[in-house]
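This is protein.cif. It holds mmCIF, C-alpha atoms.
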data_work
#
loop_
_atom_site.label_atom_id
_atom_site.label_comp_id
_atom_site.auth_asym_id
_atom_site.auth_seq_id
_atom_site.Cartn_x
_atom_site.Cartn_y
_atom_site.Cartn_z
CA GLY G 5 12.51 -6.13 -9.23
CA GLU G 6 10.39 -3.08 -9.76
CA ASN G 7 11.56 0.32 -8.50
CA VAL G 8 9.13 3.22 -8.16
CA GLU G 9 10.35 6.79 -7.64
CA GLN G 10 7.87 9.44 -6.48
CA HIS G 11 8.22 13.24 -6.45
CA PRO G 12 7.91 15.54 -4.66
CA SER G 13 8.06 14.20 -1.12
CA THR G 14 6.10 17.23 0.14
CA LEU G 15 3.76 19.47 -1.84
CA SER G 16 2.03 22.54 -0.48
CA VAL G 17 -0.68 24.23 -2.57
CA GLN G 18 -3.30 26.88 -1.97
CA GLU G 19 -6.87 25.71 -1.61
CA GLY G 20 -8.50 25.76 -5.02
CA ASP G 21 -5.25 25.32 -6.93
CA SER G 22 -4.16 22.14 -8.71
CA ALA G 23 -1.66 19.58 -7.44
CA VAL G 24 0.46 17.21 -9.52
CA ILE G 25 2.43 14.25 -8.18
CA LYS G 26 4.77 12.33 -10.47
CA CYS G 27 6.10 8.76 -10.42
CA THR G 28 8.52 6.79 -12.55
CA TYR G 29 8.91 3.01 -12.67
CA SER G 30 11.65 0.71 -13.88
CA ASP G 31 9.98 -2.55 -14.98
CA SER G 32 8.64 -2.28 -18.53
CA ALA G 33 6.41 -5.30 -17.81
CA SER G 34 4.40 -3.37 -15.21
CA ASN G 35 0.87 -2.81 -16.42
CA TYR G 36 -1.16 -1.68 -13.42
CA PHE G 37 -0.68 1.71 -11.72
CA PRO G 38 -2.85 2.62 -8.72
CA TRP G 39 -2.80 5.61 -6.42
CA TYR G 40 -3.55 5.34 -2.72
CA LYS G 41 -4.46 8.08 -0.27
CA GLN G 42 -3.60 7.77 3.40
CA GLU G 43 -5.00 10.22 5.90
CA LEU G 44 -3.15 10.69 9.18
CA GLY G 45 -3.43 7.58 11.34
CA LYS G 46 -5.62 5.77 8.83
CA ARG G 47 -5.19 2.92 6.36
CA PRO G 48 -4.27 3.54 2.70
CA GLN G 49 -7.25 3.55 0.36
CA LEU G 50 -7.38 3.32 -3.41
CA ILE G 51 -8.48 6.56 -5.08
CA ILE G 52 -7.82 5.84 -8.75
CA ASP G 53 -5.95 3.35 -10.91
CA ILE G 54 -4.94 2.98 -14.54
CA ARG G 55 -3.90 0.08 -16.72
CA SER G 56 -1.31 0.12 -19.46
CA ASN G 57 -3.82 0.06 -22.31
CA VAL G 58 -5.16 3.45 -21.25
CA GLY G 59 -3.34 6.81 -21.38
CA GLU G 60 -5.57 8.83 -19.07
CA LYS G 61 -8.37 8.27 -16.61
CA LYS G 62 -10.51 10.81 -14.75
CA ASP G 63 -12.79 10.62 -11.75
CA GLN G 64 -14.31 13.99 -10.83
CA ARG G 65 -11.41 16.18 -9.58
CA ILE G 66 -8.82 13.43 -9.85
CA ALA G 67 -7.03 12.28 -13.00
CA VAL G 68 -4.11 9.98 -13.73
CA THR G 69 -1.98 10.01 -16.86
CA LEU G 70 0.38 7.28 -18.04
CA ASN G 71 3.29 7.47 -20.48
CA LYS G 72 4.48 3.88 -21.04
CA THR G 73 7.30 4.90 -23.36
CA ALA G 74 8.84 7.15 -20.74
CA LYS G 75 7.72 4.87 -17.89
CA HIS G 76 6.11 7.59 -15.85
CA PHE G 77 2.63 8.33 -14.54
CA SER G 78 1.14 11.29 -12.71
CA LEU G 79 -1.73 12.13 -10.38
CA HIS G 80 -3.57 15.40 -10.98
CA ILE G 81 -5.93 16.90 -8.41
CA THR G 82 -7.87 19.99 -9.48
CA GLU G 83 -9.71 22.52 -7.30
CA THR G 84 -8.00 21.21 -4.18
CA GLN G 85 -9.95 21.15 -0.93
CA PRO G 86 -8.86 20.81 2.73
CA GLU G 87 -9.94 17.17 2.76
CA ASP G 88 -7.35 16.45 0.05
CA SER G 89 -4.60 16.90 2.67
CA ALA G 90 -3.02 13.45 3.09
CA VAL G 91 -0.10 11.30 1.99
CA TYR G 92 -0.45 9.93 -1.53
CA PHE G 93 1.33 6.80 -2.74
CA CYS G 94 1.79 5.66 -6.31
CA ALA G 95 2.45 2.02 -7.08
CA ALA G 96 3.20 -0.32 -9.97
CA SER G 97 2.57 -4.00 -10.59
CA ARG G 98 3.06 -6.54 -13.35
CA GLY G 99 -0.30 -8.12 -13.17
CA GLY G 100 -3.59 -6.83 -11.81
CA GLY G 101 -2.06 -5.95 -8.48
CA GLY G 102 -2.28 -9.64 -7.72
CA ALA G 103 0.09 -12.35 -6.74
CA ASP G 104 3.26 -10.31 -7.00
CA GLY G 105 1.85 -7.49 -4.97
CA LEU G 106 2.49 -3.83 -5.57
CA THR G 107 5.71 -1.83 -5.39
CA PHE G 108 4.99 1.51 -3.79
CA GLY G 109 6.66 4.88 -4.10
CA LYS G 110 7.78 6.56 -0.88
CA GLY G 111 4.82 8.90 -0.75
CA THR G 112 3.97 12.58 -1.18
CA HIS G 113 2.65 14.61 1.72
CA LEU G 114 0.10 16.97 0.19
CA ILE G 115 -0.69 20.04 2.27
CA ILE G 116 -3.64 22.24 1.30
CA GLN G 117 -3.14 25.78 2.56
CA PRO G 118 -6.36 27.69 3.38
CA ASN Q 22 -18.84 -7.15 6.38
CA ALA Q 23 -15.76 -6.08 8.37
CA GLY Q 24 -13.27 -6.17 5.45
CA VAL Q 25 -9.73 -6.77 6.71
CA THR Q 26 -9.25 -7.08 10.45
CA GLN Q 27 -5.84 -7.23 12.11
CA THR Q 28 -4.81 -7.59 15.73
CA PRO Q 29 -3.33 -6.29 17.89
CA LYS Q 30 -3.50 -2.59 17.05
CA PHE Q 31 -0.61 -1.72 19.35
CA GLN Q 32 2.19 -3.82 20.84
CA VAL Q 33 5.40 -3.12 22.71
CA LEU Q 34 8.06 -5.83 22.77
CA LYS Q 35 11.51 -6.20 24.21
CA THR Q 36 14.37 -7.22 21.96
CA GLY Q 37 14.35 -10.99 21.49
CA GLN Q 38 10.69 -11.52 22.29
CA SER Q 39 8.38 -13.15 19.79
CA MET Q 40 4.87 -12.30 18.68
CA THR Q 41 2.32 -12.99 15.99
CA LEU Q 42 0.20 -10.45 14.15
CA GLN Q 43 -3.15 -11.84 13.11
CA CYS Q 44 -5.09 -10.89 10.00
CA ALA Q 45 -8.45 -12.03 8.68
CA GLN Q 46 -10.56 -10.97 5.70
CA ASP Q 47 -14.19 -11.71 4.96
CA MET Q 48 -14.27 -10.71 1.29
CA ASN Q 49 -13.43 -14.16 -0.08
CA HIS Q 50 -10.18 -12.82 -1.56
CA ASN Q 51 -7.51 -15.20 -2.79
CA SER Q 52 -4.46 -13.02 -2.17
CA MET Q 53 -3.22 -11.61 1.09
CA TYR Q 54 -0.19 -9.48 1.94
CA TRP Q 55 1.83 -8.08 4.80
CA TYR Q 56 3.43 -4.65 4.39
CA ARG Q 57 5.47 -2.55 6.76
CA GLN Q 58 5.38 1.24 6.73
CA ASP Q 59 8.26 3.34 8.00
CA PRO Q 60 8.54 7.15 7.85
CA GLY Q 61 9.79 8.27 4.44
CA MET Q 62 9.96 4.70 3.15
CA GLY Q 63 6.47 4.10 1.84
CA LEU Q 64 4.95 0.63 2.06
CA ARG Q 65 7.29 -2.32 1.64
CA LEU Q 66 6.10 -5.86 1.01
CA ILE Q 67 7.23 -8.41 3.59
CA TYR Q 68 5.44 -11.57 2.47
CA TYR Q 69 2.44 -12.41 0.37
CA SER Q 70 0.14 -15.35 -0.28
CA ALA Q 71 -1.30 -15.61 -3.77
CA SER Q 72 -3.76 -18.30 -2.71
CA GLU Q 73 -4.51 -20.60 0.16
CA GLY Q 74 -1.57 -22.91 0.81
CA THR Q 75 1.09 -20.72 -0.82
CA THR Q 76 3.37 -18.02 0.57
CA ASP Q 77 6.24 -16.08 -1.00
CA LYS Q 78 8.83 -13.56 0.09
CA GLY Q 79 8.47 -9.92 -0.73
CA GLU Q 80 11.02 -7.13 -0.63
CA VAL Q 81 11.92 -7.28 3.10
CA PRO Q 82 11.27 -10.81 4.48
CA ASN Q 83 14.25 -11.19 6.83
CA GLY Q 84 13.25 -11.71 10.46
CA TYR Q 85 9.66 -12.66 9.63
CA ASN Q 86 7.63 -15.79 8.97
CA VAL Q 87 4.07 -16.15 7.76
CA SER Q 88 1.30 -18.72 7.78
CA ARG Q 89 -1.73 -18.82 5.49
CA LEU Q 90 -3.95 -20.71 7.87
CA ASN Q 91 -6.92 -20.85 5.51
CA LYS Q 92 -8.44 -18.61 2.86
CA ARG Q 93 -9.49 -16.02 5.44
CA GLU Q 94 -6.43 -15.81 7.69
CA PHE Q 95 -2.81 -14.78 7.15
CA SER Q 96 -0.52 -14.32 10.15
CA LEU Q 97 2.89 -12.68 10.48
CA ARG Q 98 5.35 -13.90 13.12
CA LEU Q 99 8.41 -12.23 14.55
CA GLU Q 100 10.50 -14.98 16.15
CA SER Q 101 13.10 -12.73 17.82
CA ALA Q 102 12.12 -9.09 17.62
CA ALA Q 103 14.74 -6.42 16.92
CA PRO Q 104 14.52 -2.62 17.24
CA SER Q 105 14.75 -2.40 13.42
CA GLN Q 106 11.34 -4.08 13.29
CA THR Q 107 9.69 -1.12 14.98
CA SER Q 108 7.12 -0.11 12.38
CA VAL Q 109 3.48 0.03 11.43
CA TYR Q 110 2.36 -3.24 9.87
CA PHE Q 111 -0.52 -3.46 7.41
CA CYS Q 112 -2.27 -6.57 6.27
CA ALA Q 113 -4.06 -6.37 2.93
CA SER Q 114 -6.10 -8.57 0.63
CA SER Q 115 -6.94 -8.55 -3.06
CA GLY Q 116 -9.58 -10.29 -5.13
CA ILE Q 117 -7.49 -11.80 -7.92
CA HIS Q 118 -10.49 -13.43 -9.54
CA LEU Q 119 -12.11 -10.01 -9.82
CA ASN Q 120 -9.04 -8.73 -11.65
CA THR Q 121 -9.45 -5.29 -10.12
CA GLY Q 122 -6.07 -5.20 -8.46
CA GLU Q 123 -7.36 -3.11 -5.57
CA LEU Q 124 -5.74 -3.79 -2.21
CA PHE Q 125 -7.96 -3.59 0.85
CA PHE Q 126 -5.94 -2.73 3.92
CA GLY Q 127 -6.51 -3.41 7.58
CA GLU Q 128 -6.25 -0.60 10.12
CA GLY Q 129 -2.61 -1.31 10.88
CA SER Q 130 -0.65 -2.61 13.86
CA ARG Q 131 1.87 -0.31 15.50
CA LEU Q 132 4.78 -2.33 16.88
CA THR Q 133 7.53 -0.91 19.06
CA VAL Q 134 10.60 -3.01 19.90
CA LEU Q 135 12.69 -1.71 22.79
#

Rendering of file as structure tokens:
Amino acid sequence: GENVEQHPSTLSVQEGDSAVIKCTYSDSASNYFPWYKQELGKRPQLIIDIRSNVGEKKDQRIAVTLNKTAKHFSLHITETQPEDSAVYFCAASRGGGGADGLTFGKGTHLIIQP
Amino acid sequence: NAGVTQTPKFQVLKTGQSMTLQCAQDMNHNSMYWYRQDPGMGLRLIYYSASEGTTDKGEVPNGYNVSRLNKREFSLRLESAAPSQTSVYFCASSGIHLNTGELFFGEGSRLTVL
């Protein structure tokens, strides 16, 4: 089955700086790569996703890049703010995040220092 | 529109006791999932149901059973609870027919097995 590795496990950045979280996956058939944000005590929520026919996607301060050849994808957060502090999970799936579900990375705890 | 609702939110069991976690969604989604979340382990898929009437094992199914009662409801049963099943459990649903892949999570159920 799919295996998703996520790094780093903890990331501390100064407010206003950029943060980058990286993931690698093992299944070359995976074609859907979402990122979820989980605030303390809350449920995970989708913040951005990318499909294998796209190399990069941006949504305001958040961007995701995908390198299918190397089987890795990254989350980029620019101009970080206190509300960005949370645990971020990457995930990979073969098909639309559907019947087979998603395989998640172990998470990155992002800490925004004031 | 409540989204995904799961009960109970908290439960303490003794080793060997049984219990059922209930989940319901009102988004007319075909697929439903049960994940468990443990510190440093990310989200791991226990069981999923691609559509009403079907269920399949995920990554960590041992010690659990599920029932897809109808399109709205998907329950998770622990027949004989063990301390290793202490975790936070999340139910989720996905609209396959929408082909978005997004998972919508419930608020989580924190289970402690003594």

Env of stretch 58-62 of chain G: 12 Å cut, atoms = all atoms listed in the file, seq-sep filter 4 positions within chain, self excluded. Answer as a list of chain:residue names.
G:Asn35, G:Tyr36, G:Phe37, G:Pro38, G:Trp39, G:Ile51, G:Ile52, G:Asp53, G:Ile54, G:Ile66, G:Ala67, G:Val68, G:Thr69, G:Leu70, G:Asn71, G:Lys72, G:Thr73, G:Lys75, G:His76, G:Phe77, G:Ser78, G:Leu79, G:His80, G:Ile81, G:Thr82

Expected file contents, prior selection, C-alpha atoms, as a short mmCIF file (atom, residue, chain, number, x, y, z; two decimals), in the frame of the given file:
data_model
loop_
_atom_site.label_atom_id
_atom_site.label_comp_id
_atom_site.auth_asym_id
_atom_site.auth_seq_id
_atom_site.Cartn_x
_atom_site.Cartn_y
_atom_site.Cartn_z
CA ASN G 35 0.87 -2.81 -16.42
CA TYR G 36 -1.16 -1.68 -13.42
CA PHE G 37 -0.68 1.71 -11.72
CA PRO G 38 -2.85 2.62 -8.72
CA TRP G 39 -2.80 5.61 -6.42
CA ILE G 51 -8.48 6.56 -5.08
CA ILE G 52 -7.82 5.84 -8.75
CA ASP G 53 -5.95 3.35 -10.91
CA ILE G 54 -4.94 2.98 -14.54
CA ILE G 66 -8.82 13.43 -9.85
CA ALA G 67 -7.03 12.28 -13.00
CA VAL G 68 -4.11 9.98 -13.73
CA THR G 69 -1.98 10.01 -16.86
CA LEU G 70 0.38 7.28 -18.04
CA ASN G 71 3.29 7.47 -20.48
CA LYS G 72 4.48 3.88 -21.04
CA THR G 73 7.30 4.90 -23.36
CA LYS G 75 7.72 4.87 -17.89
CA HIS G 76 6.11 7.59 -15.85
CA PHE G 77 2.63 8.33 -14.54
CA SER G 78 1.14 11.29 -12.71
CA LEU G 79 -1.73 12.13 -10.38
CA HIS G 80 -3.57 15.40 -10.98
CA ILE G 81 -5.93 16.90 -8.41
CA THR G 82 -7.87 19.99 -9.48
#

Give as a ChimeraX atom specification every residue of chain Q that touches chain G within 10 Å, counting all atoms listed in the file.
/Q:51-56,58-66,68-72,76-80,111-129

Suppose we keep C-alpha atoms; can you now write the selection as a PDB file, in the coordinates of the input?
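Writing done, so here's out-v1.pdb:
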ATOM      1  CA  ASN Q  51      -7.510 -15.200  -2.790  1.00  0.00           C
ATOM      2  CA  SER Q  52      -4.460 -13.020  -2.170  1.00  0.00           C
ATOM      3  CA  MET Q  53      -3.220 -11.610   1.090  1.00  0.00           C
ATOM      4  CA  TYR Q  54      -0.190  -9.480   1.940  1.00  0.00           C
ATOM      5  CA  TRP Q  55       1.830  -8.080   4.800  1.00  0.00           C
ATOM      6  CA  TYR Q  56       3.430  -4.650   4.390  1.00  0.00           C
ATOM      7  CA  GLN Q  58       5.380   1.240   6.730  1.00  0.00           C
ATOM      8  CA  ASP Q  59       8.260   3.340   8.000  1.00  0.00           C
ATOM      9  CA  PRO Q  60       8.540   7.150   7.850  1.00  0.00           C
ATOM     10  CA  GLY Q  61       9.790   8.270   4.440  1.00  0.00           C
ATOM     11  CA  MET Q  62       9.960   4.700   3.150  1.00  0.00           C
ATOM     12  CA  GLY Q  63       6.470   4.100   1.840  1.00  0.00           C
ATOM     13  CA  LEU Q  64       4.950   0.630   2.060  1.00  0.00           C
ATOM     14  CA  ARG Q  65       7.290  -2.320   1.640  1.00  0.00           C
ATOM     15  CA  LEU Q  66       6.100  -5.860   1.010  1.00  0.00           C
ATOM     16  CA  TYR Q  68       5.440 -11.570   2.470  1.00  0.00           C
ATOM     17  CA  TYR Q  69       2.440 -12.410   0.370  1.00  0.00           C
ATOM     18  CA  SER Q  70       0.140 -15.350  -0.280  1.00  0.00           C
ATOM     19  CA  ALA Q  71      -1.300 -15.610  -3.770  1.00  0.00           C
ATOM     20  CA  SER Q  72      -3.760 -18.300  -2.710  1.00  0.00           C
ATOM     21  CA  THR Q  76       3.370 -18.020   0.570  1.00  0.00           C
ATOM     22  CA  ASP Q  77       6.240 -16.080  -1.000  1.00  0.00           C
ATOM     23  CA  LYS Q  78       8.830 -13.560   0.090  1.00  0.00           C
ATOM     24  CA  GLY Q  79       8.470  -9.920  -0.730  1.00  0.00           C
ATOM     25  CA  GLU Q  80      11.020  -7.130  -0.630  1.00  0.00           C
ATOM     26  CA  PHE Q 111      -0.520  -3.460   7.410  1.00  0.00           C
ATOM     27  CA  CYS Q 112      -2.270  -6.570   6.270  1.00  0.00           C
ATOM     28  CA  ALA Q 113      -4.060  -6.370   2.930  1.00  0.00           C
ATOM     29  CA  SER Q 114      -6.100  -8.570   0.630  1.00  0.00           C
ATOM     30  CA  SER Q 115      -6.940  -8.550  -3.060  1.00  0.00           C
ATOM     31  CA  GLY Q 116      -9.580 -10.290  -5.130  1.00  0.00           C
ATOM     32  CA  ILE Q 117      -7.490 -11.800  -7.920  1.00  0.00           C
ATOM     33  CA  HIS Q 118     -10.490 -13.430  -9.540  1.00  0.00           C
ATOM     34  CA  LEU Q 119     -12.110 -10.010  -9.820  1.00  0.00           C
ATOM     35  CA  ASN Q 120      -9.040  -8.730 -11.650  1.00  0.00           C
ATOM     36  CA  THR Q 121      -9.450  -5.290 -10.120  1.00  0.00           C
ATOM     37  CA  GLY Q 122      -6.070  -5.200  -8.460  1.00  0.00           C
ATOM     38  CA  GLU Q 123      -7.360  -3.110  -5.570  1.00  0.00           C
ATOM     39  CA  LEU Q 124      -5.740  -3.790  -2.210  1.00  0.00           C
ATOM     40  CA  PHE Q 125      -7.960  -3.590   0.850  1.00  0.00           C
ATOM     41  CA  PHE Q 126      -5.940  -2.730   3.920  1.00  0.00           C
ATOM     42  CA  GLY Q 127      -6.510  -3.410   7.580  1.00  0.00           C
ATOM     43  CA  GLU Q 128      -6.250  -0.600  10.120  1.00  0.00           C
ATOM     44  CA  GLY Q 129      -2.610  -1.310  10.880  1.00  0.00           C
TER      45      GLY Q 129
END

Rounded to one decimal, what separation in Å do you get between atom CA of Q:Tyr110 and atom CA of G:Gln85?
29.4 Å

For the PyMOL selection byres ((chain G and resi 22) around 7), applied here, can you spell out every residue it catches as a list in words?
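Matching residues under the PyMOL selection byres ((chain G and resi 22) around 7) are Gly20, Asp21, Ala23, Val24, Ile81, Thr82, Glu83 and Thr84 of chain G.
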
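Using all atoms listed in the file, every residue with an atom at most 7 Å from the point (-8.9, -19.3, -0.9) is listed here: Asn49, His50, Asn51, Ser72, Glu73, Asn91 and Lys92 of chain Q.
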
To test your reading of the syntax: which residues would the PyMOL selection byres ((chain Q and resi 32-44) around 10) return for the file shown? Reply as a VMD selection string.
chain Q and resid 25 to 31 45 to 46 53 to 55 85 to 89 93 to 107 110 to 114 127 129 to 135

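We find atom CA of Q:Arg57 and atom CA of G:Ile116 to be spaced 27.0 Å apart.
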
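Interatomic distance, atom CA of Q:Asn83 to atom CA of Q:Ile67: 8.2 Å.
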
List the residues matched by the PyMOL selection byres ((chain G and resi 7) around 7) in the displayed structure as a count of residues only, ordered by chain and then by residue number.
7

Distance query G:Ala90 at most 7 Å, all atoms listed in the file, self and fewer than 3 positions along chain excluded, as a list of chain:residue names
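Answer for this query is G:Lys41, G:Gln42, G:Glu43, G:Leu44, G:His113, G:Leu114.
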